[in-house]
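Student: File name target30.csv; file contents CSV, C-alpha atoms; full text below.
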chain,number,residue,atom,x,y,z
H,6,MET,CA,-1.5,-23.1,-3.2
H,7,ILE,CA,-4.3,-21.2,-1.4
H,8,VAL,CA,-3.2,-18.1,0.5
H,9,THR,CA,-5.5,-16.2,2.9
H,10,ASN,CA,-5.0,-13.8,5.7
H,11,ILE,CA,-7.8,-15.2,7.9
H,12,GLU,CA,-7.4,-18.1,10.3
H,13,THR,CA,-9.1,-20.7,8.0
H,14,VAL,CA,-9.5,-21.5,4.4
H,15,PRO,CA,-13.2,-20.7,3.5
H,16,GLY,CA,-15.1,-23.9,2.6
H,17,GLN,CA,-12.3,-26.3,3.7
H,18,THR,CA,-11.1,-27.7,7.0
H,19,ILE,CA,-7.5,-27.6,8.2
H,20,VAL,CA,-6.3,-31.1,8.9
H,21,LYS,CA,-2.6,-30.4,9.8
H,22,HIS,CA,-0.5,-27.5,10.9
H,23,LEU,CA,3.0,-27.3,9.6
H,24,GLY,CA,4.3,-24.2,11.3
H,25,LEU,CA,5.5,-20.8,10.3
H,26,VAL,CA,6.7,-20.1,6.8
H,27,SER,CA,8.2,-16.8,5.6
H,28,GLY,CA,9.7,-15.1,2.6
H,29,ASN,CA,11.7,-11.9,2.4
H,30,THR,CA,13.4,-9.7,-0.1
H,31,VAL,CA,15.5,-6.5,0.1
H,32,ARG,CA,15.3,-4.3,-3.0
H,33,SER,CA,16.7,-0.9,-3.9
H,34,LYS,CA,15.8,1.2,-6.9
H,35,HIS,CA,18.0,2.2,-9.7
H,36,ALA,CA,19.3,5.8,-10.2
H,37,GLY,CA,16.8,6.7,-12.9
H,38,ARG,CA,13.9,6.0,-10.6
H,39,ASP,CA,15.7,7.9,-7.8
H,40,LEU,CA,16.0,10.9,-10.0
H,41,MET,CA,12.2,10.8,-10.8
H,42,ALA,CA,11.5,10.4,-7.1
H,43,GLY,CA,13.6,13.5,-6.5
H,44,LEU,CA,11.5,15.5,-8.9
H,45,LYS,CA,8.2,14.1,-7.5
H,46,ASN,CA,9.4,15.3,-4.1
H,47,ILE,CA,9.0,18.9,-5.4
H,48,PHE,CA,5.8,18.4,-7.3
H,49,GLY,CA,4.1,15.8,-5.1
H,50,GLY,CA,2.1,12.9,-6.4
H,51,GLU,CA,2.5,9.2,-6.8
H,52,LEU,CA,6.0,7.7,-7.1
H,53,THR,CA,5.0,5.1,-9.8
H,54,GLY,CA,8.5,3.6,-9.9
H,55,TYR,CA,8.5,2.9,-6.2
H,56,THR,CA,5.0,1.5,-6.3
H,57,GLU,CA,6.0,-0.9,-9.0
H,58,LEU,CA,9.2,-1.8,-7.2
H,59,LEU,CA,7.4,-2.6,-3.9
H,60,THR,CA,4.7,-4.5,-5.7
H,61,GLU,CA,7.3,-6.6,-7.5
H,62,SER,CA,9.2,-7.2,-4.3
H,63,ARG,CA,6.1,-8.2,-2.4
H,64,GLU,CA,5.2,-10.7,-5.1
H,65,GLU,CA,8.8,-12.1,-4.8
H,66,ALA,CA,8.4,-12.4,-1.0
H,67,VAL,CA,5.1,-14.1,-1.3
H,68,GLN,CA,6.6,-16.5,-3.9
H,69,ARG,CA,9.4,-17.4,-1.6
H,70,MET,CA,7.0,-18.0,1.2
H,71,ILE,CA,4.9,-20.3,-1.1
H,72,ASP,CA,8.1,-22.2,-2.2
H,73,GLN,CA,8.9,-22.8,1.5
H,74,ALA,CA,5.4,-24.0,2.2
H,75,ARG,CA,5.5,-26.3,-0.8
H,76,SER,CA,8.8,-27.8,0.4
H,77,VAL,CA,7.3,-28.7,3.8
H,78,GLY,CA,4.3,-30.3,2.0
H,79,ALA,CA,1.6,-27.8,2.6
H,80,ASN,CA,-1.2,-26.9,0.2
H,81,ALA,CA,-2.4,-23.7,1.8
H,82,ILE,CA,-1.0,-20.8,3.9
H,83,VAL,CA,-3.3,-19.0,6.4
H,84,ASN,CA,-3.0,-15.9,8.5
H,85,VAL,CA,-0.5,-14.2,6.2
H,86,ARG,CA,0.9,-10.9,7.3
H,87,PHE,CA,3.1,-8.4,5.5
H,88,SER,CA,5.7,-6.0,6.9
H,89,THR,CA,7.8,-3.4,5.3
H,90,SER,CA,10.9,-1.7,6.7
H,91,SER,CA,13.4,0.6,5.2
H,92,VAL,CA,16.9,-0.7,6.0
H,93,ALA,CA,18.8,2.2,4.4
H,94,ALA,CA,17.9,5.3,2.4
H,95,GLY,CA,16.6,3.9,-0.9
H,96,ALA,CA,16.4,0.2,0.1
H,97,ALA,CA,13.3,-1.5,1.6
H,98,GLU,CA,12.8,-5.0,3.0
H,99,LEU,CA,9.5,-6.7,2.3
H,100,TYR,CA,8.6,-9.6,4.5
H,101,ALA,CA,5.7,-12.0,4.3
H,102,TYR,CA,4.9,-14.7,6.8
H,103,GLY,CA,2.1,-17.1,7.5
H,104,THR,CA,1.1,-20.5,8.8
H,105,ALA,CA,1.5,-23.5,6.4
H,106,VAL,CA,-1.3,-25.9,6.7
H,107,VAL,CA,-2.8,-28.9,4.9
H,108,VAL,CA,-6.5,-28.4,4.0
H,109,GLU,CA,-9.1,-30.8,2.7
J,4,MET,CA,20.9,34.7,-3.3
J,5,TYR,CA,20.6,32.1,-6.0
J,6,ASP,CA,19.7,29.6,-3.3
J,7,LEU,CA,16.8,31.8,-2.1
J,8,ILE,CA,15.5,32.2,-5.7
J,9,LEU,CA,15.7,28.5,-6.3
J,10,PHE,CA,13.9,27.8,-3.0
J,11,LEU,CA,11.1,30.2,-3.9
J,12,ILE,CA,10.8,28.7,-7.4
J,13,PHE,CA,10.5,25.2,-5.8
J,14,LEU,CA,7.9,26.5,-3.4
J,15,LEU,CA,5.8,28.0,-6.1
J,16,LEU,CA,6.1,24.9,-8.4
J,17,GLY,CA,5.2,22.7,-5.4
J,18,TYR,CA,2.2,24.8,-4.6
J,19,VAL,CA,0.8,25.0,-8.1
J,20,PHE,CA,1.5,21.4,-9.2
J,21,GLY,CA,0.9,19.9,-5.8
J,22,GLN,CA,-2.6,21.4,-5.4
J,23,ARG,CA,-3.5,20.4,-9.0
J,24,ALA,CA,-2.3,16.9,-8.5
J,25,GLU,CA,-4.1,16.5,-5.2
J,26,LYS,CA,-7.4,17.8,-6.6
J,27,ARG,CA,-7.1,15.5,-9.6
J,28,HIS,CA,-6.3,12.5,-7.4
J,29,PHE,CA,-9.2,13.1,-5.1
J,30,ARG,CA,-11.6,13.4,-8.1
J,31,SER,CA,-10.3,10.2,-9.5
J,32,ILE,CA,-10.6,8.4,-6.1
J,33,ILE,CA,-14.2,9.5,-5.6
J,34,GLU,CA,-15.0,8.4,-9.2
J,35,ARG,CA,-13.5,5.0,-8.7
J,36,GLU,CA,-15.0,4.5,-5.3
J,37,LYS,CA,-18.4,4.9,-6.9
J,38,GLN,CA,-17.6,2.3,-9.5
J,39,LEU,CA,-16.3,-0.2,-6.9
J,40,ARG,CA,-19.0,0.4,-4.3
J,41,ASP,CA,-20.6,-3.0,-4.8
J,42,ILE,CA,-17.4,-4.8,-3.5
J,43,LEU,CA,-17.8,-4.8,0.3
J,44,VAL,CA,-14.7,-4.5,2.5
J,45,PHE,CA,-14.7,-5.7,6.1
J,46,SER,CA,-12.1,-5.7,8.8
J,47,GLU,CA,-14.0,-8.6,10.4
J,48,ARG,CA,-12.0,-11.9,10.7
J,49,ARG,CA,-14.8,-14.4,10.7
J,50,ILE,CA,-16.7,-14.9,7.5
J,51,PRO,CA,-20.4,-15.9,8.0
J,52,ASP,CA,-21.5,-18.9,5.8
J,53,ALA,CA,-17.9,-19.6,4.8
J,54,GLU,CA,-18.7,-23.2,3.6
J,55,GLN,CA,-19.8,-22.1,0.1
J,56,LEU,CA,-17.0,-19.7,-0.6
J,57,ASP,CA,-13.5,-19.6,-2.1
J,58,GLY,CA,-10.9,-17.3,-0.7
J,59,SER,CA,-7.7,-15.8,-1.9
J,60,LEU,CA,-5.3,-13.0,-0.8
J,61,VAL,CA,-5.5,-9.6,-2.5
J,62,CYS,CA,-3.2,-6.6,-2.1
J,63,GLY,CA,-3.1,-3.0,-3.2
J,64,SER,CA,-0.3,-0.6,-2.5
J,65,VAL,CA,0.7,2.9,-3.4
J,66,VAL,CA,3.6,5.2,-2.7
J,67,ILE,CA,2.8,8.9,-2.6
J,68,SER,CA,5.0,11.9,-2.1
J,69,VAL,CA,4.2,15.2,-0.5
J,70,ASP,CA,5.1,18.3,-2.5
J,71,PHE,CA,7.8,20.9,-1.6
J,72,PHE,CA,5.3,23.5,-0.5
J,73,LYS,CA,3.5,21.2,1.9
J,74,ARG,CA,6.7,19.9,3.3
J,75,PHE,CA,7.7,23.5,4.0
J,76,VAL,CA,4.4,24.3,5.6
J,77,ALA,CA,4.6,21.1,7.7
J,78,GLY,CA,8.1,22.2,8.8
J,79,LEU,CA,6.7,25.6,10.0
J,80,ARG,CA,3.9,23.8,11.8
J,81,SER,CA,6.3,21.7,13.7
J,82,LEU,CA,7.7,24.9,15.3
J,83,VAL,CA,4.4,25.6,17.1
J,84,GLY,CA,2.9,22.1,17.1
J,85,GLY,CA,-0.7,21.1,16.3
J,86,ARG,CA,-2.5,19.5,13.4
J,87,VAL,CA,-0.4,19.0,10.3
J,88,SER,CA,-3.2,19.0,7.7
J,89,ALA,CA,-0.6,18.8,4.9
J,90,TYR,CA,0.3,15.2,5.9
J,91,GLU,CA,-3.3,14.3,6.9
J,92,SER,CA,-4.5,14.7,3.3
J,93,LEU,CA,-1.4,12.8,2.0
J,94,LEU,CA,-2.2,9.8,4.2
J,95,GLU,CA,-5.9,9.9,3.5
J,96,ARG,CA,-5.2,9.8,-0.3
J,97,ALA,CA,-2.7,7.0,0.1
J,98,ARG,CA,-5.1,4.8,2.2
J,99,ARG,CA,-8.1,5.3,0.0
J,100,GLU,CA,-6.0,4.6,-3.1
J,101,ALA,CA,-4.5,1.4,-1.6
J,102,ILE,CA,-8.0,0.2,-0.7
J,103,LEU,CA,-9.2,1.0,-4.2
J,104,ARG,CA,-6.4,-1.0,-5.8
J,105,MET,CA,-7.1,-3.9,-3.5
J,106,LYS,CA,-10.8,-3.8,-4.6
J,107,GLU,CA,-9.8,-3.6,-8.2
J,108,GLU,CA,-7.7,-6.8,-7.7
J,109,ALA,CA,-10.7,-8.4,-6.0
J,110,ARG,CA,-12.9,-7.5,-8.9
J,111,ARG,CA,-10.5,-9.0,-11.4
J,112,GLY,CA,-10.7,-12.2,-9.5
J,113,GLY,CA,-14.5,-12.1,-9.6
J,114,ALA,CA,-14.9,-11.6,-5.8
J,115,GLN,CA,-17.8,-9.8,-4.1
J,116,SER,CA,-16.3,-9.0,-0.7
J,117,VAL,CA,-13.0,-8.7,1.0
J,118,TRP,CA,-12.5,-9.8,4.7
J,119,ASN,CA,-10.0,-9.2,7.4
J,120,THR,CA,-8.6,-6.1,5.7
J,121,ARG,CA,-5.4,-4.8,7.1
J,122,LEU,CA,-3.7,-1.5,6.4
J,123,GLU,CA,0.0,-1.0,6.7
J,124,THR,CA,1.9,2.3,6.5
J,125,ALA,CA,5.6,2.6,6.0
J,126,SER,CA,7.7,5.7,5.4
J,127,ILE,CA,10.1,4.5,2.7
J,128,TYR,CA,11.9,7.6,1.6
J,129,LYS,CA,13.8,9.5,4.3
J,130,GLY,CA,14.2,13.0,2.8
J,131,ALA,CA,16.1,15.9,4.2
J,132,GLN,CA,15.7,16.9,7.9
J,133,GLN,CA,13.9,13.7,8.9
J,134,SER,CA,10.8,14.7,6.9
J,135,ILE,CA,8.3,12.0,5.9
J,136,GLY,CA,8.7,12.7,2.2
J,137,ALA,CA,6.9,9.7,0.8
J,138,VAL,CA,4.7,7.1,2.4
J,139,GLU,CA,3.8,3.6,1.3
J,140,VAL,CA,0.4,2.3,2.2
J,141,LEU,CA,-0.4,-1.4,1.7
J,142,ALA,CA,-3.9,-2.8,2.0
J,143,TYR,CA,-4.5,-6.5,2.0
J,144,GLY,CA,-7.3,-8.9,2.8
J,145,THR,CA,-9.0,-12.1,1.8
J,146,ALA,CA,-11.3,-11.8,-1.2
J,147,VAL,CA,-14.1,-14.3,-1.3
J,148,LYS,CA,-16.4,-15.5,-4.1
J,149,PRO,CA,-19.1,-18.1,-4.3
J,150,ARG,CA,-17.9,-21.5,-5.3
Do you think you could lay out the structure here as structure tokens?

Tutor:
Amino acid sequence: MIVTNIETVPGQTIVKHLGLVSGNTVRSKHAGRDLMAGLKNIFGGELTGYTELLTESREEAVQRMIDQARSVGANAIVNVRFSTSSVAAGAAELYAYGTAVVVE
Amino acid sequence: MYDLILFLIFLLLGYVFGQRAEKRHFRSIIEREKQLRDILVFSERRIPDAEQLDGSLVCGSVVISVDFFKRFVAGLRSLVGGRVSAYESLLERARREAILRMKEEARRGGAQSVWNTRLETASIYKGAQQSIGAVEVLAYGTAVKPR
């Protein structure tokens, strides 16, 4: 599965469009990470726990998008976009979407 | 009374550790930017000579929090309005760090340039009094390498 965020796949031509595919996930962090984040709010600096959490969730969202693309018979996803929104304090939704295509 | 003392301690801790952390972070950013200078990043969508290339998606993200002192200063600033330089440096650090992480991923994949780079900023931690608290910056793009 080739994933790009430009309109085409470099070096290959798109022979068929299969429409929009997307994947999302909502995650919240556990209390230990929350405590560390509270401390970091005083000292400043990177919230490593959150960075890891969001990276994991984004991988999960991308994986779900890939699974959906595979189920419609695509072999590439182009024009991928990400969006993050905080649904509640401490929980974030990660959303990935793109166009499933067949390339040759 | 105890509240005031606690507040002043937090302010002092935030000032001392926050300034140190920021200086260290900027030094590390500048150092790594030098090392990754050969990976070119473009926001251009069209890749010239795309026929001989292989592309794949790369991402880099970071969550950075502002310290207690800066949050207090920014709160004062919002009374009179104007430039909030405390948050400007926070966002600059976050963006440069995210782009660096994206470049690192591109290097691991053996790529030489990244195209159609997008930056996305989200405030993920709503602290007290509607303050920004922490921001997440995500940088993503298509890394290409010769086939």

Student: Can you list, as number ranges by chain, every protein, DNA or RNA residue that comes within 7 Å of range 69-72 of chain H when you count only C-alpha atoms, leaving out same-chain residues fewer than 2 positions away?

Tutor: H: 26-28, 65-67, 74-76, 101-102

Student: Step by step: start from the point (7.9, 20.2, -6.9) in the file's coordinates, keep every protein, DNA or RNA residue that has an atom no farther than 8 Å from it, count only C-alpha atoms, and write the set as a list in words.

Tutor: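 The residues near that point, listed by chain and number, are Leu44, Lys45, Asn46, Ile47, Phe48 and Gly49 of chain H; Phe13, Leu14, Leu16, Gly17, Tyr18, Phe20, Gly21, Asp70, Phe71 and Phe72 of chain J.
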
Student: Find the distance between CA of Gln73 in chain H and CA of Thr56 in chain H and write it in Å to one decimal.

Tutor: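 It comes out at 25.8 Å.
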
Student: Using only C-alpha atoms, tabulate the residues of range 47-118 of chain J lying at most 9 Å from any atom of range 122-125 of chain J, each with its closest atom pair and that distance in Å to one decimal, by chain and increasing residue number, as a tab-separated table.

Tutor:
residue	atom	partner	partner_atom	distance
J:Leu94	CA	J:Thr124	CA	8.9
J:Arg98	CA	J:Leu122	CA	7.7
J:Ala101	CA	J:Leu122	CA	8.5
J:Ile102	CA	J:Leu122	CA	8.5

Student: Any idea which chain J residues end up within 7 Å of chain H if we count only C-alpha atoms, as an MDAnalysis selection string please?

Tutor: chainID J and resid 13 16:17 20:21 24 48 53:60 64:71 119 125 127:129 136 144:145

Student: CA of Cys62 in chain J and CA of Gln22 in chain J are how many Å apart?

Tutor: 28.2 Å
